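Okay, structure_13.cif now, which holds mmCIF, C-alpha atoms:
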```cif
data_entry
#
loop_
_atom_site.label_atom_id
_atom_site.label_comp_id
_atom_site.auth_asym_id
_atom_site.auth_seq_id
_atom_site.Cartn_x
_atom_site.Cartn_y
_atom_site.Cartn_z
CA MET A 206 -5.03 17.28 -9.95
CA PHE A 207 -3.58 19.74 -7.42
CA PRO A 208 -5.92 21.37 -4.86
CA GLN A 209 -7.12 24.86 -5.62
CA GLY A 210 -5.07 27.58 -4.02
CA LEU A 211 -1.90 25.49 -3.70
CA PHE A 212 -0.20 27.12 -6.67
CA GLU A 213 -0.82 30.57 -5.19
CA ARG A 214 0.67 29.50 -1.85
CA ILE A 215 3.76 28.12 -3.62
CA GLN A 216 4.09 31.31 -5.61
CA GLY A 217 3.80 33.35 -2.43
CA LEU A 218 6.55 31.45 -0.64
CA SER A 219 8.91 31.21 -3.62
CA PHE A 220 11.82 33.58 -4.15
CA GLU A 221 14.44 34.10 -6.83
CA GLU A 222 17.88 32.57 -6.68
CA ALA A 223 20.31 32.74 -9.58
CA GLY A 224 17.41 33.94 -11.72
CA VAL A 225 15.27 30.90 -10.93
CA PRO A 226 12.13 30.92 -8.74
CA VAL A 227 12.80 28.44 -5.94
CA LEU A 228 10.96 26.94 -2.98
CA ALA A 229 12.95 26.24 0.18
CA VAL A 230 13.03 22.80 1.77
CA ALA A 231 11.33 24.06 4.94
CA ASP A 232 8.50 25.60 2.88
CA VAL A 233 7.98 22.39 0.91
CA HIS A 234 7.49 20.62 4.23
CA SER A 235 5.14 23.16 5.74
CA LEU A 236 3.03 23.12 2.56
CA ALA A 237 2.89 19.33 2.61
CA GLU A 238 1.58 19.48 6.16
CA GLU A 239 -0.79 22.37 5.48
CA TRP A 240 -2.39 20.69 2.46
CA GLY A 241 -2.19 17.07 3.60
CA LEU A 242 0.02 16.18 0.62
CA SER A 243 3.21 14.20 0.30
CA VAL A 244 6.50 16.07 -0.04
CA ARG A 245 6.78 14.71 -3.56
CA GLU A 246 3.33 16.03 -4.52
CA VAL A 247 4.24 19.52 -3.32
CA GLU A 248 7.49 19.40 -5.29
CA LEU A 249 5.61 18.30 -8.42
CA ALA A 250 3.10 21.11 -7.93
CA ALA A 251 5.93 23.64 -7.67
CA LEU A 252 7.57 22.29 -10.82
CA GLU A 253 4.23 22.56 -12.60
CA ILE A 254 4.34 26.36 -12.22
CA LYS A 255 8.09 26.60 -12.87
CA VAL A 256 9.14 26.94 -9.26
CA MET A 257 12.16 24.76 -8.58
CA PRO A 258 12.32 22.98 -5.23
CA ARG A 259 15.54 24.56 -4.01
CA ARG A 260 17.14 21.21 -3.16
CA TYR A 261 17.30 20.44 -6.90
CA LEU A 262 18.58 23.85 -8.01
CA ARG A 263 22.08 22.61 -8.81
CA SER A 264 20.66 19.75 -10.90
CA LEU A 265 18.58 22.06 -13.08
CA GLY A 266 21.23 22.79 -15.69
CA THR A 267 21.75 19.08 -16.31
CA VAL A 268 18.28 17.70 -15.74
CA GLY A 269 15.93 20.53 -16.81
CA TRP A 270 12.38 21.29 -15.61
CA GLU A 271 10.71 18.42 -17.44
CA GLY A 272 13.55 16.11 -16.44
CA GLN A 273 13.08 16.84 -12.74
CA LYS A 274 9.37 16.06 -13.03
CA ARG A 275 10.23 12.90 -14.88
CA LEU A 276 12.67 11.81 -12.15
CA LEU A 277 10.11 12.44 -9.41
CA ARG A 278 7.64 10.25 -11.31
CA SER A 279 10.13 7.42 -11.89
CA ARG A 280 10.68 4.14 -10.11
CA VAL A 281 14.07 2.42 -10.00
CA THR A 282 14.90 -0.90 -8.37
CA VAL A 283 18.37 -1.33 -6.87
CA VAL A 284 19.25 -4.97 -6.25
CA GLY A 285 22.06 -5.36 -3.72
CA LEU A 286 22.70 -2.70 -1.05
CA GLY A 287 26.41 -3.17 -0.44
CA GLY A 288 29.27 -1.07 -1.79
CA LEU A 289 27.64 -0.29 -5.14
CA GLY A 290 23.97 -0.26 -4.15
CA GLY A 291 24.52 2.11 -1.22
CA TYR A 292 26.08 4.83 -3.35
CA VAL A 293 23.60 4.28 -6.18
CA SER A 294 20.57 4.59 -3.86
CA GLU A 295 22.03 7.63 -2.15
CA ALA A 296 22.67 9.48 -5.42
CA LEU A 297 19.30 8.58 -6.96
CA ALA A 298 17.58 9.82 -3.80
CA ARG A 299 19.49 13.11 -3.93
CA MET A 300 18.51 13.54 -7.58
CA GLY A 301 14.86 13.07 -6.60
CA VAL A 302 13.99 9.75 -8.22
CA GLY A 303 10.49 9.40 -6.78
CA GLU A 304 10.36 5.72 -5.94
CA LEU A 305 13.21 3.42 -5.03
CA VAL A 306 12.72 -0.29 -4.48
CA LEU A 307 15.77 -1.31 -2.45
CA VAL A 308 16.46 -5.02 -2.31
CA ASP A 309 18.85 -6.92 -0.04
CA GLY A 310 18.22 -9.82 2.34
CA ASP A 311 21.40 -9.21 4.27
CA VAL A 312 22.25 -7.36 7.48
CA PHE A 313 25.28 -5.10 8.01
CA VAL A 314 28.42 -6.79 9.33
CA ASP A 315 31.84 -5.51 10.39
CA HIS A 316 33.59 -6.07 7.05
CA ASN A 317 31.10 -3.84 5.22
CA LEU A 318 32.46 -0.79 7.03
CA ASN A 319 35.49 -0.27 4.76
CA ARG A 320 33.32 0.83 1.84
CA GLN A 321 29.56 0.68 2.25
CA ILE A 322 28.09 4.17 2.66
CA LEU A 323 24.95 2.81 4.34
CA SER A 324 26.96 1.01 7.02
CA SER A 325 28.10 2.48 10.33
CA ASN A 326 28.93 1.13 13.77
CA ASP A 327 25.43 1.73 15.06
CA VAL A 328 23.63 -0.27 12.34
CA LEU A 329 25.69 -3.48 12.55
CA GLY A 330 23.31 -6.44 12.61
CA ARG A 331 20.42 -4.47 11.09
CA SER A 332 18.67 -5.07 7.74
CA LYS A 333 20.39 -3.23 4.89
CA ALA A 334 17.06 -2.44 3.22
CA GLU A 335 15.56 -0.96 6.40
CA VAL A 336 18.69 1.10 7.12
CA ALA A 337 18.61 2.39 3.53
CA LYS A 338 15.01 3.51 3.97
CA GLU A 339 15.88 5.42 7.14
CA ARG A 340 18.92 7.11 5.62
CA ILE A 341 17.05 8.21 2.52
CA ALA A 342 14.20 9.59 4.65
CA HIS A 343 16.82 11.88 6.22
CA ILE A 344 18.32 12.85 2.85
CA ASN A 345 15.21 13.38 0.73
CA PRO A 346 11.73 12.74 2.14
CA ALA A 347 10.23 13.25 -1.33
CA VAL A 348 11.50 9.77 -2.18
CA ASN A 349 9.23 6.86 -1.44
CA VAL A 350 11.48 3.93 -0.49
CA ILE A 351 10.06 0.43 -0.73
CA PRO A 352 12.49 -1.74 1.26
CA ARG A 353 12.64 -5.45 0.41
CA SER A 354 14.64 -7.44 2.94
CA VAL A 355 14.87 -10.52 0.73
CA TYR A 356 17.51 -12.10 -1.46
CA ALA A 357 16.58 -11.66 -5.11
CA SER A 358 15.67 -14.93 -6.81
CA ALA A 359 14.11 -16.06 -10.07
CA GLU A 360 10.90 -16.61 -8.06
CA ASN A 361 10.56 -13.22 -6.37
CA LEU A 362 12.19 -10.95 -8.98
CA PRO A 363 9.18 -10.57 -11.30
CA SER A 364 7.09 -9.05 -8.48
CA ILE A 365 10.01 -6.97 -7.17
CA LEU A 366 10.84 -5.46 -10.56
CA LYS A 367 7.31 -4.88 -11.77
CA GLY A 368 6.58 -1.26 -12.62
CA CYS A 369 10.13 0.08 -12.51
CA GLN A 370 11.78 1.86 -15.44
CA VAL A 371 15.36 0.79 -14.68
CA VAL A 372 16.94 -1.93 -12.56
CA VAL A 373 20.43 -1.50 -11.15
CA ASP A 374 22.53 -4.63 -10.76
CA ALA A 375 24.56 -4.06 -7.59
CA LEU A 376 24.81 -7.71 -6.60
CA ASP A 377 27.94 -9.59 -5.56
CA ASN A 378 27.92 -12.85 -7.51
CA LEU A 379 27.52 -13.90 -11.13
CA PRO A 380 24.65 -16.42 -10.95
CA ALA A 381 22.44 -13.87 -9.18
CA ARG A 382 23.41 -11.22 -11.72
CA LEU A 383 22.40 -13.53 -14.58
CA ALA A 384 19.07 -14.29 -12.88
CA LEU A 385 18.49 -10.55 -12.52
CA GLN A 386 19.28 -9.96 -16.19
CA ASP A 387 16.82 -12.70 -17.20
CA ALA A 388 14.05 -11.26 -15.02
CA ALA A 389 14.67 -7.70 -16.24
CA GLN A 390 14.65 -8.83 -19.85
CA SER A 391 11.43 -10.80 -19.51
CA LEU A 392 9.76 -7.65 -18.16
CA GLY A 393 11.34 -5.41 -20.83
CA ILE A 394 13.32 -3.36 -18.30
CA PRO A 395 16.86 -2.07 -18.99
CA MET A 396 19.48 -3.16 -16.47
CA VAL A 397 22.57 -1.23 -15.44
CA HIS A 398 25.31 -3.70 -14.52
CA GLY A 399 28.29 -2.79 -12.38
CA ALA A 400 30.90 -5.02 -10.74
CA ILE A 401 34.16 -4.46 -8.86
CA ALA A 402 37.30 -6.19 -7.59
CA GLY A 403 40.40 -4.56 -6.18
CA PHE A 404 41.22 -1.47 -8.25
CA VAL A 405 39.10 -2.55 -11.23
CA GLY A 406 35.50 -2.20 -12.19
CA GLN A 407 33.15 -2.62 -15.12
CA VAL A 408 29.89 -1.03 -16.21
CA LEU A 409 27.43 -2.11 -18.91
CA THR A 410 23.84 -1.20 -19.64
CA ILE A 411 21.82 -4.09 -21.00
CA PHE A 412 18.57 -3.53 -22.87
CA PRO A 413 15.95 -6.23 -23.46
CA GLY A 414 16.97 -8.68 -26.18
CA GLU A 415 20.71 -8.03 -25.81
CA PRO A 416 23.04 -10.86 -24.77
CA GLY A 417 24.59 -8.80 -21.97
CA LEU A 418 26.21 -10.86 -19.22
CA ARG A 419 25.28 -14.16 -20.86
CA GLY A 420 27.23 -13.09 -23.93
CA ILE A 421 30.29 -12.49 -21.74
CA TYR A 422 30.12 -15.26 -19.15
CA GLY A 423 27.99 -17.92 -20.88
CA ASP A 424 25.32 -19.84 -19.02
CA LYS A 425 27.55 -21.42 -16.38
CA PRO A 426 29.58 -18.58 -14.89
CA PRO A 427 31.82 -18.94 -11.86
CA GLU A 428 30.11 -17.91 -8.62
CA LYS A 429 32.65 -15.17 -7.85
CA GLY A 430 35.39 -13.22 -9.59
CA VAL A 431 38.81 -11.98 -8.54
CA GLU A 432 37.28 -9.87 -5.74
CA VAL A 433 37.77 -13.03 -3.68
CA GLU A 434 41.55 -12.43 -3.70
CA GLN A 435 41.64 -8.68 -4.41
CA GLY A 436 38.93 -7.58 -2.03
CA THR A 437 36.79 -4.48 -2.45
CA PRO A 438 38.43 -1.30 -1.15
CA ALA A 439 36.62 1.98 -0.48
CA ALA A 440 36.94 3.92 -3.73
CA THR A 441 36.25 1.17 -6.28
CA PRO A 442 32.51 1.00 -5.56
CA MET A 443 32.38 4.82 -5.71
CA MET A 444 34.00 4.75 -9.16
CA VAL A 445 31.59 2.18 -10.58
CA ALA A 446 28.44 3.29 -8.74
CA ALA A 447 28.94 6.81 -10.11
CA TRP A 448 28.78 5.47 -13.66
CA GLN A 449 25.77 3.30 -12.81
CA VAL A 450 23.96 6.39 -11.54
CA GLN A 451 24.78 8.33 -14.72
CA GLU A 452 23.51 5.44 -16.84
CA THR A 453 20.28 5.22 -14.82
CA LEU A 454 19.64 8.96 -15.09
CA LYS A 455 20.31 8.96 -18.83
CA ILE A 456 17.76 6.21 -19.37
CA LEU A 457 15.15 7.93 -17.19
CA LEU A 458 15.75 11.28 -18.89
CA HIS A 459 16.12 9.93 -22.45
CA LYS A 460 19.41 11.79 -22.61
CA GLY A 461 22.85 11.00 -23.99
CA GLU A 462 24.20 7.65 -25.10
CA PRO A 463 24.09 4.69 -22.75
CA LEU A 464 26.95 2.18 -22.45
CA ARG A 465 24.98 -0.07 -24.73
CA GLY A 466 26.78 -2.87 -26.54
CA ARG A 467 30.05 -1.54 -25.15
CA MET A 468 31.34 -2.32 -21.70
CA LEU A 469 33.47 0.15 -19.79
CA LEU A 470 36.42 -1.46 -18.03
CA MET A 471 38.38 0.65 -15.57
CA ASP A 472 41.68 -0.32 -13.97
CA ALA A 473 42.64 2.42 -11.54
CA GLU A 474 45.89 0.63 -10.67
CA LEU A 475 47.11 0.82 -14.28
CA GLY A 476 45.41 4.17 -14.76
CA THR A 477 43.49 2.96 -17.82
CA ALA A 478 39.94 2.68 -19.03
CA GLU A 479 38.75 0.80 -22.11
CA PHE A 480 35.48 0.40 -23.91
CA ILE A 481 34.95 -3.08 -25.32
CA GLU A 482 32.51 -3.58 -28.13
CA LEU A 483 30.42 -6.63 -27.35
CA MET B 48 54.07 -10.98 -35.87
CA GLN B 49 53.93 -8.65 -32.95
CA VAL B 50 50.99 -8.10 -30.60
CA THR B 51 50.57 -5.86 -27.58
CA VAL B 52 48.83 -7.33 -24.55
CA ARG B 53 47.45 -5.62 -21.51
CA VAL B 54 46.70 -7.93 -18.59
CA TYR B 55 44.23 -6.59 -16.05
CA ALA B 56 43.78 -6.86 -12.31
CA SER B 57 45.00 -9.87 -10.39
CA LEU B 58 45.77 -11.79 -13.58
CA ARG B 59 49.09 -9.92 -13.58
CA ARG B 60 50.15 -11.86 -10.50
CA HIS B 61 49.96 -15.13 -12.41
CA LEU B 62 52.19 -14.09 -15.30
CA PRO B 63 55.68 -15.54 -15.79
CA GLU B 64 58.30 -13.16 -14.37
CA LYS B 65 59.65 -12.08 -17.77
CA TYR B 66 56.30 -10.41 -18.54
CA SER B 67 56.42 -7.89 -15.75
CA SER B 68 55.98 -4.88 -18.06
CA ASN B 69 52.55 -3.60 -18.93
CA PRO B 70 51.57 -3.61 -21.72
CA ILE B 71 53.52 -6.67 -22.84
CA GLU B 72 54.99 -6.79 -26.35
CA LEU B 73 54.91 -10.35 -27.70
CA GLU B 74 56.54 -11.85 -30.80
CA LEU B 75 54.27 -14.73 -31.88
CA PRO B 76 54.27 -17.15 -34.82
CA GLU B 77 51.67 -16.51 -37.54
CA GLY B 78 48.46 -18.41 -36.90
CA THR B 79 48.52 -18.06 -33.13
CA THR B 80 45.05 -17.89 -31.58
CA VAL B 81 43.96 -15.79 -28.62
CA GLY B 82 43.58 -18.98 -26.54
CA GLU B 83 47.09 -20.23 -27.40
CA MET B 84 48.59 -16.90 -26.48
CA ILE B 85 46.79 -16.85 -23.13
CA GLU B 86 47.47 -20.45 -22.13
CA LYS B 87 50.81 -21.31 -23.76
CA VAL B 88 52.61 -17.98 -23.81
CA LEU B 89 51.19 -16.05 -20.88
CA LYS B 90 50.57 -19.30 -18.92
CA LEU B 91 47.28 -18.06 -17.57
CA PRO B 92 44.78 -20.80 -16.64
CA HIS B 93 41.88 -20.83 -19.13
CA ASP B 94 39.30 -20.41 -16.37
CA SER B 95 41.00 -17.33 -14.95
CA VAL B 96 40.27 -15.28 -18.06
CA LYS B 97 36.68 -14.35 -18.75
CA VAL B 98 36.87 -11.32 -20.98
CA VAL B 99 39.25 -10.93 -23.92
CA PHE B 100 39.19 -8.07 -26.35
CA VAL B 101 41.17 -7.55 -29.52
CA ASN B 102 41.45 -3.99 -30.83
CA GLY B 103 38.61 -2.98 -28.52
CA LYS B 104 36.26 -5.74 -29.63
CA HIS B 105 35.09 -8.61 -27.47
CA SER B 106 36.61 -11.80 -28.85
CA ASP B 107 36.79 -15.52 -28.06
CA PHE B 108 39.66 -17.93 -27.57
CA ASP B 109 39.51 -19.25 -31.14
CA GLN B 110 40.19 -15.91 -32.80
CA LEU B 111 43.37 -15.75 -34.88
CA LEU B 112 45.72 -12.94 -33.98
CA SER B 113 47.19 -10.57 -36.56
CA ASP B 114 50.29 -8.43 -36.59
CA GLY B 115 49.77 -5.22 -34.63
CA ASP B 116 46.77 -6.48 -32.65
CA ARG B 117 46.12 -4.86 -29.30
CA VAL B 118 44.80 -7.45 -26.85
CA GLY B 119 43.25 -6.99 -23.40
CA VAL B 120 42.83 -9.87 -20.96
CA PHE B 121 40.40 -9.37 -18.07
CA PRO B 122 39.41 -11.68 -15.22
CA PRO B 123 35.84 -12.23 -14.01
CA VAL B 124 34.80 -9.40 -11.70
CA ALA B 125 31.66 -9.83 -9.62
CA GLY B 126 32.02 -7.89 -6.35
CA GLY B 127 29.56 -5.27 -5.21
#
```
Once more with this new file: its structure as structure tokens, please.
Amino acid sequence: MFPQGLFERIQGLSFEEAGVPVLAVADVHSLAEEWGLSVREVELAALEIKVMPRRYLRSLGTVGWEGQKRLLRSRVTVVGLGGLGGYVSEALARMGVGELVLVDGDVFVDHNLNRQILSSNDVLGRSKAEVAKERIAHINPAVNVIPRSVYASAENLPSILKGCQVVVDALDNLPARLALQDAAQSLGIPMVHGAIAGFVGQVLTIFPGEPGLRGIYGDKPPEKGVEVEQGTPAATPMMVAAWQVQETLKILLHKGEPLRGRMLLMDAELGTAEFIEL
Amino acid sequence: MQVTVRVYASLRRHLPEKYSSNPIELELPEGTTVGEMIEKVLKLPHDSVKVVFVNGKHSDFDQLLSDGDRVGVFPPVAGG
């Protein structure tokens, strides 16, 4: 599947670092240009002959050779590109998840700036999904970002989620989160839920057939939670998004034990974390 | 019987003043349910509590409390 001679060129440009043959970012790019391939295809070719694209070297011990290939061949959909979704997309892109469908119908506004990593003064008024695509192109051009500047709904979710291995719930209201869970379940896709308010946050991974958010909130949940009074300060989305990323990677890599049937509740103000069996 | 209750996030603001410690140690009559404790003792509006767990297990308002139970009361959280 890779053109003849490519492996030899990769071998020729690779060098050893910490006992691992690696290929520098600049060489990945020149090879992509030279062979008319995507950056991701060159990275996959290197991995095929046990040459690690150097940008992933510090992930190797956790992810492994097969794991890195698996990530590059995965597709994850992140729904909501605010506080949570920004950090989640950023981290998945840095890990080299090959395709990210990034969904948000909103544009950046002033009050996003206290916490949303994708926001900055110069992107106010611009589509969150388009800004995310641009930022990720700067971070890791191996990642193919499919931006969707729409609000997720029961009508459009089936087509948005189709073909992904994991969906990340980074929305900001309960009815939309329930609709996302329903759509993910009907397609047989695991969903990684995260939500925040003030100093507290929660994380839960919901597999098809599990009651998930409906088991907690019933079928008629309130629109919003206590974030309405407590707000959403800078570090709370970092705290929860980090766990959502770990959950997503574990599912993609078939590694570890997901937060399945047990929800993690963190209250940074009290300095406590609890796991609740659902 | 005695139960220990931890009240999370902004729910703490709605507690009667005498329950300012966290966790709260409560002396309750036998047969008290989770819902009675939340509404009658802690005076939290029913709608303000969305997640309750007893000894680490998700529970509902009808559950009977037992001596030594460890209860957590959590509001709905939906921000992103």
Just want the 10 Å neighbourhood of Leu58 in chain B, counted on all atoms listed in the file, with same-chain residues fewer than 5 positions away dropped. Output as a CSV table (one decimal) with C-alpha atoms, in the coordinates of the input.
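The resulting file, result_5.csv, is shown below:
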```csv
chain,number,residue,atom,x,y,z
A,431,VAL,CA,38.8,-12.0,-8.5
B,91,LEU,CA,47.3,-18.1,-17.6
B,92,PRO,CA,44.8,-20.8,-16.6
B,95,SER,CA,41.0,-17.3,-15.0
B,96,VAL,CA,40.3,-15.3,-18.1
B,120,VAL,CA,42.8,-9.9,-21.0
B,121,PHE,CA,40.4,-9.4,-18.1
B,122,PRO,CA,39.4,-11.7,-15.2
B,123,PRO,CA,35.8,-12.2,-14.0
```
Using all atoms listed in the file: which of A:Ser243, A:Thr267, A:Ser364, A:Asn317 has the shortest distance to Ser391 in chain A: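 Result for the nearest residue to Ser391 in chain A: A:Ser364.
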Could you give me, as a Markdown table, every chain A residue with an atom at most 8 Å from chain B, plus its closest atom pair and distance in Å to one decimal, counting only C-alpha atoms, rows ordered by chain then number?
```
| residue | atom | partner | partner_atom | distance |
| --- | --- | --- | --- | --- |
| A:Gly285 | CA | B:Gly127 | CA | 7.6 |
| A:Gly287 | CA | B:Gly127 | CA | 6.1 |
| A:Gly288 | CA | B:Gly127 | CA | 5.4 |
| A:Leu289 | CA | B:Gly127 | CA | 5.3 |
| A:Gly290 | CA | B:Gly127 | CA | 7.6 |
| A:Ala375 | CA | B:Gly127 | CA | 5.7 |
| A:Leu376 | CA | B:Gly127 | CA | 5.5 |
| A:Asp377 | CA | B:Gly126 | CA | 4.5 |
| A:Asn378 | CA | B:Ala125 | CA | 5.2 |
| A:Leu379 | CA | B:Ala125 | CA | 6.0 |
| A:Gly399 | CA | B:Gly127 | CA | 7.7 |
| A:Ala400 | CA | B:Ala125 | CA | 5.0 |
| A:Ile401 | CA | B:Gly126 | CA | 4.8 |
| A:Ala402 | CA | B:Gly126 | CA | 5.7 |
| A:Gly403 | CA | B:Ala56 | CA | 7.4 |
| A:Phe404 | CA | B:Ala56 | CA | 7.2 |
| A:Val405 | CA | B:Ala56 | CA | 6.5 |
| A:Gly406 | CA | B:Val124 | CA | 7.3 |
| A:Gln407 | CA | B:Val124 | CA | 7.8 |
| A:Ile421 | CA | B:Val98 | CA | 6.7 |
| A:Tyr422 | CA | B:Lys97 | CA | 6.6 |
| A:Lys429 | CA | B:Ala125 | CA | 5.7 |
| A:Gly430 | CA | B:Val124 | CA | 4.4 |
| A:Val431 | CA | B:Val124 | CA | 5.7 |
| A:Glu432 | CA | B:Gly126 | CA | 5.7 |
| A:Glu434 | CA | B:Ser57 | CA | 8.0 |
| A:Gln435 | CA | B:Ser57 | CA | 7.0 |
| A:Thr437 | CA | B:Gly126 | CA | 7.0 |
| A:Pro442 | CA | B:Gly127 | CA | 6.9 |
| A:Asp472 | CA | B:Ala56 | CA | 7.1 |
| A:Glu474 | CA | B:Ala56 | CA | 8.0 |
| A:Glu479 | CA | B:Gly103 | CA | 7.4 |
| A:Phe480 | CA | B:Gly103 | CA | 6.5 |
| A:Ile481 | CA | B:Gly103 | CA | 4.9 |
| A:Glu482 | CA | B:Lys104 | CA | 4.6 |
| A:Leu483 | CA | B:His105 | CA | 5.1 |
```
query: Given the choices B:Ile71, B:Met48, B:Leu62, B:Val81, which gets closest to Leu111 in chain B if the distance is worked out from all atoms listed in the file?
result: B:Val81
query: In Å, how far is it from CA of Arg117 in chain B to CA of Pro427 in chain A?
result: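 Atom-to-atom, CA of Arg117 in chain B and CA of Pro427 in chain A are spaced 26.6 Å apart.
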Result set, the PyMOL selection byres ((chain A and resi 218-229) around 9) on current file, as a ChimeraX atom specification: /A:213-217,230-234,248,251,255-260,262
- line: CA of Arg465 in chain A to CA of Thr453 in chain A measures 12.2 Å
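Every protein or nucleic acid residue with an atom no more than 12 Å from Glu77 in chain B, counting all atoms listed in the file and leaving out same-chain residues fewer than 5 positions away, appears here: Met48, Gln49, Val50, Glu83, Met84, Leu111, Leu112, Ser113, Asp114 and Gly115 of chain B.
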message: One decimal, in Å: what's the spacing between CA of Gly414 in chain A and CA of Val308 in chain A?
response: 24.2 Å
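With distances taken over all atoms listed in the file, A:Pro352 is the one residue among A:Gly210, A:Gly291, A:Pro352, A:Pro363 lying closest to Leu307 in chain A.
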statement: One residue among B:Thr51, B:Arg59, B:Glu86, B:Gln110 is nearest to Glu74 in chain B when using only C-alpha atoms, and that residue is B:Thr51
field: Nearest residue to Ser68 in chain B from the set B:Val52, B:Lys87, B:Phe108, B:Thr80 (distances using only C-alpha atoms)
entry: B:Val52
message: With all atoms listed in the file as the counted atoms, please give the residues lying no more than 7 Å from Asn319 in chain A, apart from itself and same-chain residues fewer than 2 positions off, as a list in words.
response: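 Contacts, with the query itself left out: His316, Asn317, Gln321, Pro438 and Ala439 of chain A.
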